[in-house]
Amino acid sequence: MVEVNRAPDAGRAGARRRAGAPWANRALGLCALAALVAALAVPRTWVRATLSDRGAELLVVTRSGWELAPTGALVVAVGLLALVCCALARRGGHPALGAALVAAGVAVAALALSRLSAADPLEHTIGRLRIGTFQTDEPVTATAVGLWLWVTVAAGVVMAVAALSWLVLTRRAADVTRDGAGHGL
């Protein structure tokens, strides 16, 4: 029997490849979780406008992502598409899927950020209502961005970063596999 001397790097390359794969799967799982969170945050409050007098809220108007059409529907569609891409990427590992996931994360964050000033028309409407309806001394209208809009933005950022991490980790694992294959026999 002929004994084959393996290069010392071959064993380390296999260990690095095995160590890189779970982290890539975890990054892909995090991306899928963020896509799900983004889709589930759409029915929640994204913007809020209030009419108050001396600290008491007389009128509160809120809008969810669904009510801010078409942004909410687009966020849900992109989130569900990202979930499908995550499942396909886990199975196939094609880099184009990772690029699509990065783009999906950026799209979710950008769509949500585009609605930061969506409460301004609500404030204007409330301001007109207070003149004839509410007889108050010092009525004040104010707008606020809802927590769930920020959750959607954060989910989009996490999706993009996790997908980019997955791309980097799978590329490194492929490079280690390619380098390790040349050191064998």
# chains A, B, ... in the order shown; residues from 1 in each chain; ligands from 1

$ select_by_dssp --residues "region 30-126 of chain A" --states "strand (DSSP E)" --output "short mmCIF file (atom, residue, chain, number, x, y, z; two decimals) with all heavy atoms, in the first residue's frame"
data_model
loop_
_atom_site.label_atom_id
_atom_site.label_comp_id
_atom_site.auth_asym_id
_atom_site.auth_seq_id
_atom_site.Cartn_x
_atom_site.Cartn_y
_atom_site.Cartn_z
N THR A 45 -48.95 49.76 13.26
CA THR A 45 -48.92 51.21 13.09
C THR A 45 -47.57 51.68 12.57
O THR A 45 -46.54 51.42 13.18
CB THR A 45 -49.23 51.91 14.43
OG1 THR A 45 -50.52 51.50 14.86
CG2 THR A 45 -49.20 53.41 14.28
N TRP A 46 -47.60 52.40 11.46
CA TRP A 46 -46.39 52.99 10.88
C TRP A 46 -46.30 54.48 11.15
O TRP A 46 -45.22 54.99 11.37
CB TRP A 46 -46.35 52.73 9.38
CG TRP A 46 -45.81 51.40 9.01
CD1 TRP A 46 -45.73 50.29 9.79
CD2 TRP A 46 -45.28 51.02 7.74
NE1 TRP A 46 -45.19 49.25 9.10
CE2 TRP A 46 -44.90 49.66 7.83
CE3 TRP A 46 -45.10 51.68 6.55
CZ2 TRP A 46 -44.35 48.97 6.77
CZ3 TRP A 46 -44.55 50.99 5.48
CH2 TRP A 46 -44.17 49.64 5.60
N VAL A 47 -47.42 55.17 11.09
CA VAL A 47 -47.42 56.62 11.34
C VAL A 47 -48.61 56.97 12.22
O VAL A 47 -49.61 56.25 12.26
CB VAL A 47 -47.45 57.45 10.04
CG1 VAL A 47 -46.17 57.28 9.25
CG2 VAL A 47 -48.66 57.12 9.20
N ARG A 48 -48.48 58.13 12.89
CA ARG A 48 -49.51 58.57 13.82
C ARG A 48 -49.57 60.09 13.80
O ARG A 48 -48.56 60.76 13.78
CB ARG A 48 -49.14 58.05 15.20
CG ARG A 48 -49.93 58.57 16.31
CD ARG A 48 -49.33 58.06 17.62
NE ARG A 48 -49.90 58.80 18.71
CZ ARG A 48 -50.41 58.27 19.78
NH1 ARG A 48 -50.40 56.97 19.93
NH2 ARG A 48 -50.93 59.01 20.71
N ALA A 49 -50.78 60.63 13.82
CA ALA A 49 -50.99 62.07 13.93
C ALA A 49 -51.97 62.30 15.09
O ALA A 49 -52.93 61.54 15.24
CB ALA A 49 -51.56 62.64 12.64
N THR A 50 -51.71 63.32 15.88
CA THR A 50 -52.56 63.59 17.04
C THR A 50 -52.95 65.06 17.10
O THR A 50 -52.20 65.93 16.66
CB THR A 50 -51.85 63.24 18.36
OG1 THR A 50 -50.66 64.01 18.47
CG2 THR A 50 -51.52 61.78 18.44
N LEU A 51 -54.11 65.29 17.67
CA LEU A 51 -54.58 66.63 18.01
C LEU A 51 -54.71 66.63 19.52
O LEU A 51 -55.41 65.80 20.09
CB LEU A 51 -55.92 66.92 17.36
CG LEU A 51 -56.61 68.22 17.79
CD1 LEU A 51 -55.82 69.42 17.32
CD2 LEU A 51 -58.02 68.26 17.25
N SER A 52 -54.00 67.51 20.16
CA SER A 52 -54.03 67.54 21.62
C SER A 52 -54.20 68.97 22.11
O SER A 52 -53.94 69.93 21.40
CB SER A 52 -52.77 66.92 22.20
OG SER A 52 -51.63 67.59 21.74
N ASP A 53 -54.67 69.06 23.34
CA ASP A 53 -54.84 70.35 23.99
C ASP A 53 -54.41 70.21 25.44
O ASP A 53 -54.96 69.38 26.17
CB ASP A 53 -56.30 70.80 23.91
CG ASP A 53 -56.49 72.20 24.49
OD1 ASP A 53 -55.50 72.94 24.57
OD2 ASP A 53 -57.63 72.53 24.85
N ALA A 56 -53.68 66.62 26.70
CA ALA A 56 -54.69 65.59 26.48
C ALA A 56 -54.86 65.35 24.99
O ALA A 56 -55.04 66.30 24.23
CB ALA A 56 -56.01 66.00 27.11
N GLU A 57 -54.82 64.09 24.57
CA GLU A 57 -55.01 63.76 23.16
C GLU A 57 -56.49 63.73 22.85
O GLU A 57 -57.24 62.92 23.39
CB GLU A 57 -54.35 62.42 22.84
CG GLU A 57 -52.84 62.48 22.91
CD GLU A 57 -52.20 61.16 22.55
OE1 GLU A 57 -52.89 60.11 22.57
OE2 GLU A 57 -51.00 61.18 22.27
N LEU A 58 -56.94 64.64 22.01
CA LEU A 58 -58.35 64.71 21.64
C LEU A 58 -58.67 63.80 20.46
O LEU A 58 -59.76 63.24 20.39
CB LEU A 58 -58.72 66.15 21.28
CG LEU A 58 -58.49 67.20 22.37
CD1 LEU A 58 -58.76 68.58 21.82
CD2 LEU A 58 -59.35 66.91 23.57
N LEU A 59 -57.73 63.69 19.54
CA LEU A 59 -57.96 62.90 18.34
C LEU A 59 -56.64 62.25 17.94
O LEU A 59 -55.61 62.93 17.87
CB LEU A 59 -58.48 63.80 17.22
CG LEU A 59 -58.78 63.15 15.88
CD1 LEU A 59 -59.90 62.13 16.01
CD2 LEU A 59 -59.16 64.21 14.86
N VAL A 60 -56.68 60.96 17.69
CA VAL A 60 -55.49 60.22 17.26
C VAL A 60 -55.85 59.49 15.97
O VAL A 60 -56.85 58.77 15.92
CB VAL A 60 -55.03 59.20 18.33
CG1 VAL A 60 -53.85 58.41 17.83
CG2 VAL A 60 -54.69 59.90 19.63
N VAL A 61 -55.04 59.68 14.96
CA VAL A 61 -55.23 58.99 13.68
C VAL A 61 -53.95 58.23 13.38
O VAL A 61 -52.86 58.80 13.41
CB VAL A 61 -55.52 60.00 12.54
CG1 VAL A 61 -55.70 59.27 11.23
CG2 VAL A 61 -56.74 60.84 12.87
N THR A 62 -54.09 56.93 13.12
CA THR A 62 -52.92 56.10 12.81
C THR A 62 -53.11 55.46 11.44
O THR A 62 -54.23 55.29 10.97
CB THR A 62 -52.73 54.99 13.86
OG1 THR A 62 -53.87 54.16 13.87
CG2 THR A 62 -52.48 55.57 15.24
N ARG A 63 -52.01 55.11 10.85
CA ARG A 63 -52.03 54.39 9.58
C ARG A 63 -51.03 53.24 9.67
O ARG A 63 -49.91 53.40 10.14
CB ARG A 63 -51.63 55.29 8.40
CG ARG A 63 -52.61 56.39 8.11
CD ARG A 63 -53.89 55.85 7.49
NE ARG A 63 -54.81 56.90 7.15
CZ ARG A 63 -55.84 57.27 7.89
NH1 ARG A 63 -56.07 56.69 9.03
NH2 ARG A 63 -56.64 58.23 7.49
N SER A 64 -51.47 52.10 9.20
CA SER A 64 -50.57 50.94 9.13
C SER A 64 -49.90 50.92 7.76
O SER A 64 -50.23 51.72 6.88
CB SER A 64 -51.37 49.65 9.35
OG SER A 64 -52.22 49.42 8.25
#

$ residues_around --residues "Ala32 (chain A)" --least-positions-apart "6" --cutoff "9 Å" --atoms "only C-alpha atoms" --output "number ranges by chain"
A: 79, 82-87, 159

$ write_last_selection --atoms "all heavy atoms" --output "PDB file, in the first residue's frame"
ATOM      1  N   GLY A  79     -40.808  40.726   1.091  1.00  0.00           N
ATOM      2  CA  GLY A  79     -40.493  39.836   2.212  1.00  0.00           C
ATOM      3  C   GLY A  79     -40.780  38.378   1.888  1.00  0.00           C
ATOM      4  O   GLY A  79     -39.972  37.494   2.188  1.00  0.00           O
ATOM      5  N   ALA A  82     -38.271  37.154  -0.570  1.00  0.00           N
ATOM      6  CA  ALA A  82     -36.999  36.899   0.111  1.00  0.00           C
ATOM      7  C   ALA A  82     -37.034  35.568   0.851  1.00  0.00           C
ATOM      8  O   ALA A  82     -36.026  34.844   0.885  1.00  0.00           O
ATOM      9  CB  ALA A  82     -36.681  38.038   1.072  1.00  0.00           C
ATOM     10  N   LEU A  83     -38.172  35.220   1.438  1.00  0.00           N
ATOM     11  CA  LEU A  83     -38.286  33.910   2.097  1.00  0.00           C
ATOM     12  C   LEU A  83     -38.093  32.774   1.100  1.00  0.00           C
ATOM     13  O   LEU A  83     -37.405  31.788   1.385  1.00  0.00           O
ATOM     14  CB  LEU A  83     -39.645  33.785   2.783  1.00  0.00           C
ATOM     15  CG  LEU A  83     -39.809  34.531   4.094  1.00  0.00           C
ATOM     16  CD1 LEU A  83     -41.255  34.479   4.551  1.00  0.00           C
ATOM     17  CD2 LEU A  83     -38.893  33.958   5.147  1.00  0.00           C
ATOM     18  N   VAL A  84     -38.681  32.913  -0.081  1.00  0.00           N
ATOM     19  CA  VAL A  84     -38.515  31.894  -1.119  1.00  0.00           C
ATOM     20  C   VAL A  84     -37.055  31.832  -1.562  1.00  0.00           C
ATOM     21  O   VAL A  84     -36.490  30.742  -1.723  1.00  0.00           O
ATOM     22  CB  VAL A  84     -39.458  32.181  -2.313  1.00  0.00           C
ATOM     23  CG1 VAL A  84     -39.144  31.285  -3.496  1.00  0.00           C
ATOM     24  CG2 VAL A  84     -40.903  32.019  -1.885  1.00  0.00           C
ATOM     25  N   CYS A  85     -36.437  32.993  -1.734  1.00  0.00           N
ATOM     26  CA  CYS A  85     -35.019  33.021  -2.137  1.00  0.00           C
ATOM     27  C   CYS A  85     -34.128  32.392  -1.069  1.00  0.00           C
ATOM     28  O   CYS A  85     -33.151  31.714  -1.398  1.00  0.00           O
ATOM     29  CB  CYS A  85     -34.571  34.457  -2.411  1.00  0.00           C
ATOM     30  SG  CYS A  85     -35.172  35.112  -3.965  1.00  0.00           S
ATOM     31  N   CYS A  86     -34.457  32.609   0.207  1.00  0.00           N
ATOM     32  CA  CYS A  86     -33.679  31.992   1.287  1.00  0.00           C
ATOM     33  C   CYS A  86     -33.780  30.468   1.220  1.00  0.00           C
ATOM     34  O   CYS A  86     -32.778  29.765   1.400  1.00  0.00           O
ATOM     35  CB  CYS A  86     -34.164  32.490   2.644  1.00  0.00           C
ATOM     36  SG  CYS A  86     -33.631  34.153   3.047  1.00  0.00           S
ATOM     37  N   ALA A  87     -34.982  29.967   0.973  1.00  0.00           N
ATOM     38  CA  ALA A  87     -35.158  28.514   0.868  1.00  0.00           C
ATOM     39  C   ALA A  87     -34.383  27.954  -0.326  1.00  0.00           C
ATOM     40  O   ALA A  87     -33.733  26.911  -0.225  1.00  0.00           O
ATOM     41  CB  ALA A  87     -36.643  28.179   0.744  1.00  0.00           C
ATOM     42  N   MET A 159     -31.760  42.074   6.859  1.00  0.00           N
ATOM     43  CA  MET A 159     -31.820  41.203   5.681  1.00  0.00           C
ATOM     44  C   MET A 159     -30.629  41.432   4.765  1.00  0.00           C
ATOM     45  O   MET A 159     -29.988  40.477   4.321  1.00  0.00           O
ATOM     46  CB  MET A 159     -33.098  41.474   4.879  1.00  0.00           C
ATOM     47  CG  MET A 159     -34.333  40.825   5.381  1.00  0.00           C
ATOM     48  SD  MET A 159     -35.805  41.347   4.458  1.00  0.00           S
ATOM     49  CE  MET A 159     -35.393  40.869   2.787  1.00  0.00           C
TER      50      MET A 159
END

$ closest_residue --among "A:Leu28, A:Ala110, A:Gly156, A:Ala173" --to "Arg91 (chain A)" --atoms "only C-alpha atoms"
A:Leu28

$ residues_around --residues "Val37 (chain A)" --least-positions-apart "5" --cutoff "10 Å" --atoms "only C-alpha atoms" --output "list in words"
Cys31, Ala32, Val42, Val76, Gly79, Trp148, Val151, Thr152, Ala154, Ala155 and Gly156 of chain A

$ closest_residue --among "A:Ala96, A:Leu147, A:Ala34, A:Ala119" --to "Val78 (chain A)" --atoms "only C-alpha atoms"
A:Ala34

$ residues_around --residues "Gly98 (chain A)" --least-positions-apart "2" --cutoff "7 Å" --atoms "only C-alpha atoms" --output "ChimeraX atom specification"
/A:95-96,100-102,163-164,167

$ write_last_selection --atoms "all heavy atoms" --output "mmCIF file, in the first residue's frame"
data_model
loop_
_atom_site.group_PDB
_atom_site.id
_atom_site.type_symbol
_atom_site.label_atom_id
_atom_site.label_comp_id
_atom_site.auth_asym_id
_atom_site.auth_seq_id
_atom_site.Cartn_x
_atom_site.Cartn_y
_atom_site.Cartn_z
ATOM 1 N N PRO A 95 -24.874 32.212 -5.896
ATOM 2 C CA PRO A 95 -24.594 33.593 -5.489
ATOM 3 C C PRO A 95 -25.608 34.623 -5.993
ATOM 4 O O PRO A 95 -25.813 35.645 -5.357
ATOM 5 C CB PRO A 95 -23.215 33.883 -6.087
ATOM 6 C CG PRO A 95 -22.614 32.562 -6.374
ATOM 7 C CD PRO A 95 -23.748 31.612 -6.597
ATOM 8 N N ALA A 96 -26.257 34.345 -7.106
ATOM 9 C CA ALA A 96 -27.258 35.291 -7.616
ATOM 10 C C ALA A 96 -28.416 35.427 -6.641
ATOM 11 O O ALA A 96 -29.006 36.508 -6.520
ATOM 12 C CB ALA A 96 -27.759 34.849 -8.982
ATOM 13 N N ALA A 100 -29.815 38.826 -4.864
ATOM 14 C CA ALA A 100 -31.236 39.172 -4.830
ATOM 15 C C ALA A 100 -31.697 39.430 -3.398
ATOM 16 O O ALA A 100 -32.514 40.330 -3.155
ATOM 17 C CB ALA A 100 -32.061 38.052 -5.458
ATOM 18 N N LEU A 101 -31.172 38.683 -2.447
ATOM 19 C CA LEU A 101 -31.538 38.890 -1.037
ATOM 20 C C LEU A 101 -30.999 40.220 -0.512
ATOM 21 O O LEU A 101 -31.679 40.907 0.261
ATOM 22 C CB LEU A 101 -31.030 37.730 -0.186
ATOM 23 C CG LEU A 101 -31.791 36.428 -0.356
ATOM 24 C CD1 LEU A 101 -31.065 35.284 0.341
ATOM 25 C CD2 LEU A 101 -33.198 36.567 0.174
ATOM 26 N N VAL A 102 -29.809 40.580 -0.913
ATOM 27 C CA VAL A 102 -29.263 41.889 -0.523
ATOM 28 C C VAL A 102 -30.146 42.993 -1.095
ATOM 29 O O VAL A 102 -30.511 43.946 -0.392
ATOM 30 C CB VAL A 102 -27.795 42.053 -0.992
ATOM 31 C CG1 VAL A 102 -27.310 43.468 -0.768
ATOM 32 C CG2 VAL A 102 -26.892 41.076 -0.254
ATOM 33 N N ALA A 163 -27.671 38.702 4.258
ATOM 34 C CA ALA A 163 -27.477 38.142 2.912
ATOM 35 C C ALA A 163 -26.061 38.406 2.410
ATOM 36 O O ALA A 163 -25.442 37.529 1.796
ATOM 37 C CB ALA A 163 -28.503 38.732 1.952
ATOM 38 N N LEU A 164 -25.548 39.583 2.698
ATOM 39 C CA LEU A 164 -24.167 39.887 2.314
ATOM 40 C C LEU A 164 -23.193 38.990 3.074
ATOM 41 O O LEU A 164 -22.230 38.479 2.489
ATOM 42 C CB LEU A 164 -23.870 41.365 2.573
ATOM 43 C CG LEU A 164 -22.586 41.915 1.998
ATOM 44 C CD1 LEU A 164 -22.575 41.778 0.480
ATOM 45 C CD2 LEU A 164 -22.425 43.367 2.384
ATOM 46 N N LEU A 167 -23.236 35.627 1.480
ATOM 47 C CA LEU A 167 -22.440 35.624 0.240
ATOM 48 C C LEU A 167 -20.953 35.496 0.544
ATOM 49 O O LEU A 167 -20.240 34.705 -0.088
ATOM 50 C CB LEU A 167 -22.687 36.907 -0.554
ATOM 51 C CG LEU A 167 -23.889 36.921 -1.468
ATOM 52 C CD1 LEU A 167 -24.111 38.312 -2.034
ATOM 53 C CD2 LEU A 167 -23.714 35.923 -2.585
#

$ residues_around --residues "Glu123 (chain A)" --least-positions-apart "3" --cutoff "7 Å" --atoms "only C-alpha atoms" --output "number ranges by chain"
A: 49, 119-120, 126-127, 141-143

$ write_last_selection --atoms "C-alpha atoms" --output "mmCIF file, in the first residue's frame"
data_model
loop_
_atom_site.group_PDB
_atom_site.id
_atom_site.type_symbol
_atom_site.label_atom_id
_atom_site.label_comp_id
_atom_site.auth_asym_id
_atom_site.auth_seq_id
_atom_site.Cartn_x
_atom_site.Cartn_y
_atom_site.Cartn_z
ATOM 1 C CA ALA A 49 -50.991 62.071 13.933
ATOM 2 C CA ALA A 119 -48.295 61.445 8.645
ATOM 3 C CA ASP A 120 -47.966 64.984 7.278
ATOM 4 C CA ILE A 126 -56.587 67.137 11.602
ATOM 5 C CA GLY A 127 -55.544 70.782 11.579
ATOM 6 C CA THR A 141 -51.251 68.867 15.990
ATOM 7 C CA ALA A 142 -48.259 66.570 15.927
ATOM 8 C CA THR A 143 -46.994 63.631 13.913
#

$ residues_around --residues "Ala77 (chain A)" --least-positions-apart "3" --cutoff "12 Å" --atoms "only C-alpha atoms" --output "number ranges by chain"
A: 35-36, 38-40, 42, 66, 70-74, 80-84, 104, 107-108, 111

$ select_by_dssp --residues "region 5-176 of chain A" --states "alpha helix (DSSP H)" --output "ChimeraX atom specification"
/A:8-41,71-92,95-113,120-132,147-176

$ write_last_selection --atoms "C-alpha atoms" --output "compact mmCIF listing (two decimals), in the first residue's frame"
# COMPACT_ATOMS: atom_id res chain seq x y z
CA PRO A 8 -0.56 20.19 6.48
CA ASP A 9 -2.90 22.86 5.12
CA ALA A 10 -5.37 20.32 3.75
CA GLY A 11 -6.60 19.31 7.21
CA ARG A 12 -6.94 22.91 8.32
CA ALA A 13 -8.79 23.83 5.11
CA GLY A 14 -11.35 21.08 5.73
CA ALA A 15 -11.85 22.29 9.30
CA ARG A 16 -12.28 25.88 8.12
CA ARG A 17 -14.75 24.77 5.45
CA ARG A 18 -16.81 22.84 8.01
CA ALA A 19 -16.70 25.80 10.40
CA GLY A 20 -17.79 28.27 7.70
CA ALA A 21 -20.87 26.35 6.54
CA PRO A 22 -22.88 26.60 9.80
CA TRP A 23 -22.25 30.33 9.99
CA ALA A 24 -23.45 30.72 6.41
CA ASN A 25 -26.60 28.76 7.26
CA ARG A 26 -27.15 30.92 10.34
CA ALA A 27 -26.77 34.09 8.28
CA LEU A 28 -29.32 32.75 5.80
CA GLY A 29 -31.67 31.86 8.65
CA LEU A 30 -31.30 35.37 10.07
CA CYS A 31 -32.11 36.80 6.65
CA ALA A 32 -35.26 34.68 6.44
CA LEU A 33 -36.30 35.71 9.96
CA ALA A 34 -35.81 39.39 9.12
CA ALA A 35 -37.90 38.98 5.95
CA LEU A 36 -40.68 37.40 8.01
CA VAL A 37 -40.53 40.20 10.60
CA ALA A 38 -40.71 42.83 7.85
CA ALA A 39 -43.78 41.18 6.34
CA LEU A 40 -45.47 40.83 9.74
CA ALA A 41 -44.78 44.45 10.70
CA THR A 71 -45.75 50.53 0.14
CA GLY A 72 -47.12 48.00 2.60
CA ALA A 73 -48.10 45.53 -0.10
CA LEU A 74 -44.70 45.89 -1.74
CA VAL A 75 -42.91 45.24 1.56
CA VAL A 76 -44.98 42.07 2.10
CA ALA A 77 -44.31 40.92 -1.49
CA VAL A 78 -40.57 41.55 -1.20
CA GLY A 79 -40.49 39.84 2.21
CA LEU A 80 -42.25 36.74 0.90
CA LEU A 81 -40.03 36.69 -2.18
CA ALA A 82 -37.00 36.90 0.11
CA LEU A 83 -38.29 33.91 2.10
CA VAL A 84 -38.52 31.89 -1.12
CA CYS A 85 -35.02 33.02 -2.14
CA CYS A 86 -33.68 31.99 1.29
CA ALA A 87 -35.16 28.51 0.87
CA LEU A 88 -33.70 28.21 -2.63
CA ALA A 89 -30.32 29.56 -1.50
CA ARG A 90 -30.16 27.05 1.32
CA ARG A 91 -30.81 24.26 -1.15
CA GLY A 92 -28.70 25.46 -4.09
CA PRO A 95 -24.59 33.59 -5.49
CA ALA A 96 -27.26 35.29 -7.62
CA LEU A 97 -29.80 34.42 -4.92
CA GLY A 98 -27.60 36.15 -2.36
CA ALA A 99 -27.45 39.25 -4.50
CA ALA A 100 -31.24 39.17 -4.83
CA LEU A 101 -31.54 38.89 -1.04
CA VAL A 102 -29.26 41.89 -0.52
CA ALA A 103 -31.38 43.86 -3.00
CA ALA A 104 -34.56 42.72 -1.21
CA GLY A 105 -33.22 43.94 2.13
CA VAL A 106 -32.27 47.30 0.71
CA ALA A 107 -35.68 47.56 -1.00
CA VAL A 108 -37.56 46.84 2.25
CA ALA A 109 -35.55 49.45 4.14
CA ALA A 110 -35.94 52.03 1.36
CA LEU A 111 -39.68 51.43 1.00
CA ALA A 112 -40.22 51.86 4.72
CA LEU A 113 -38.01 54.95 4.88
CA ASP A 120 -47.97 64.98 7.28
CA PRO A 121 -51.22 64.83 5.25
CA LEU A 122 -52.94 63.42 8.33
CA GLU A 123 -51.69 66.36 10.38
CA HIS A 124 -53.01 68.77 7.78
CA THR A 125 -56.44 67.10 7.80
CA ILE A 126 -56.59 67.14 11.60
CA GLY A 127 -55.54 70.78 11.58
CA ARG A 128 -58.53 71.62 9.39
CA LEU A 129 -60.88 69.55 11.55
CA ARG A 130 -59.89 71.27 14.77
CA ILE A 131 -61.04 74.66 13.55
CA GLY A 132 -64.72 73.71 13.23
CA LEU A 147 -42.45 51.82 16.11
CA TRP A 148 -43.34 49.24 13.47
CA LEU A 149 -42.03 51.43 10.66
CA TRP A 150 -38.66 51.43 12.40
CA VAL A 151 -38.92 47.66 12.93
CA THR A 152 -39.47 47.29 9.18
CA VAL A 153 -36.46 49.49 8.40
CA ALA A 154 -34.31 47.49 10.83
CA ALA A 155 -35.54 44.21 9.34
CA GLY A 156 -34.56 45.41 5.86
CA VAL A 157 -31.09 46.35 7.05
CA VAL A 158 -30.68 43.01 8.84
CA MET A 159 -31.82 41.20 5.68
CA ALA A 160 -29.24 43.02 3.57
CA VAL A 161 -26.38 42.51 6.04
CA ALA A 162 -27.23 38.84 6.65
CA ALA A 163 -27.48 38.14 2.91
CA LEU A 164 -24.17 39.89 2.31
CA SER A 165 -22.62 37.83 5.13
CA TRP A 166 -24.00 34.68 3.57
CA LEU A 167 -22.44 35.62 0.24
CA VAL A 168 -19.05 36.25 1.86
CA LEU A 169 -19.15 33.07 3.94
CA THR A 170 -20.18 30.84 1.05
CA ARG A 171 -17.53 32.38 -1.18
CA ARG A 172 -14.88 31.75 1.48
CA ALA A 173 -16.08 28.17 1.92
CA ALA A 174 -15.88 27.68 -1.84
CA ASP A 175 -12.37 29.18 -1.94
CA VAL A 176 -11.23 26.94 0.93

$ atom_distance --atom1 "CA of Val140 (chain A)" --atom2 "CA of Arg115 (chain A)"
22.3 Å
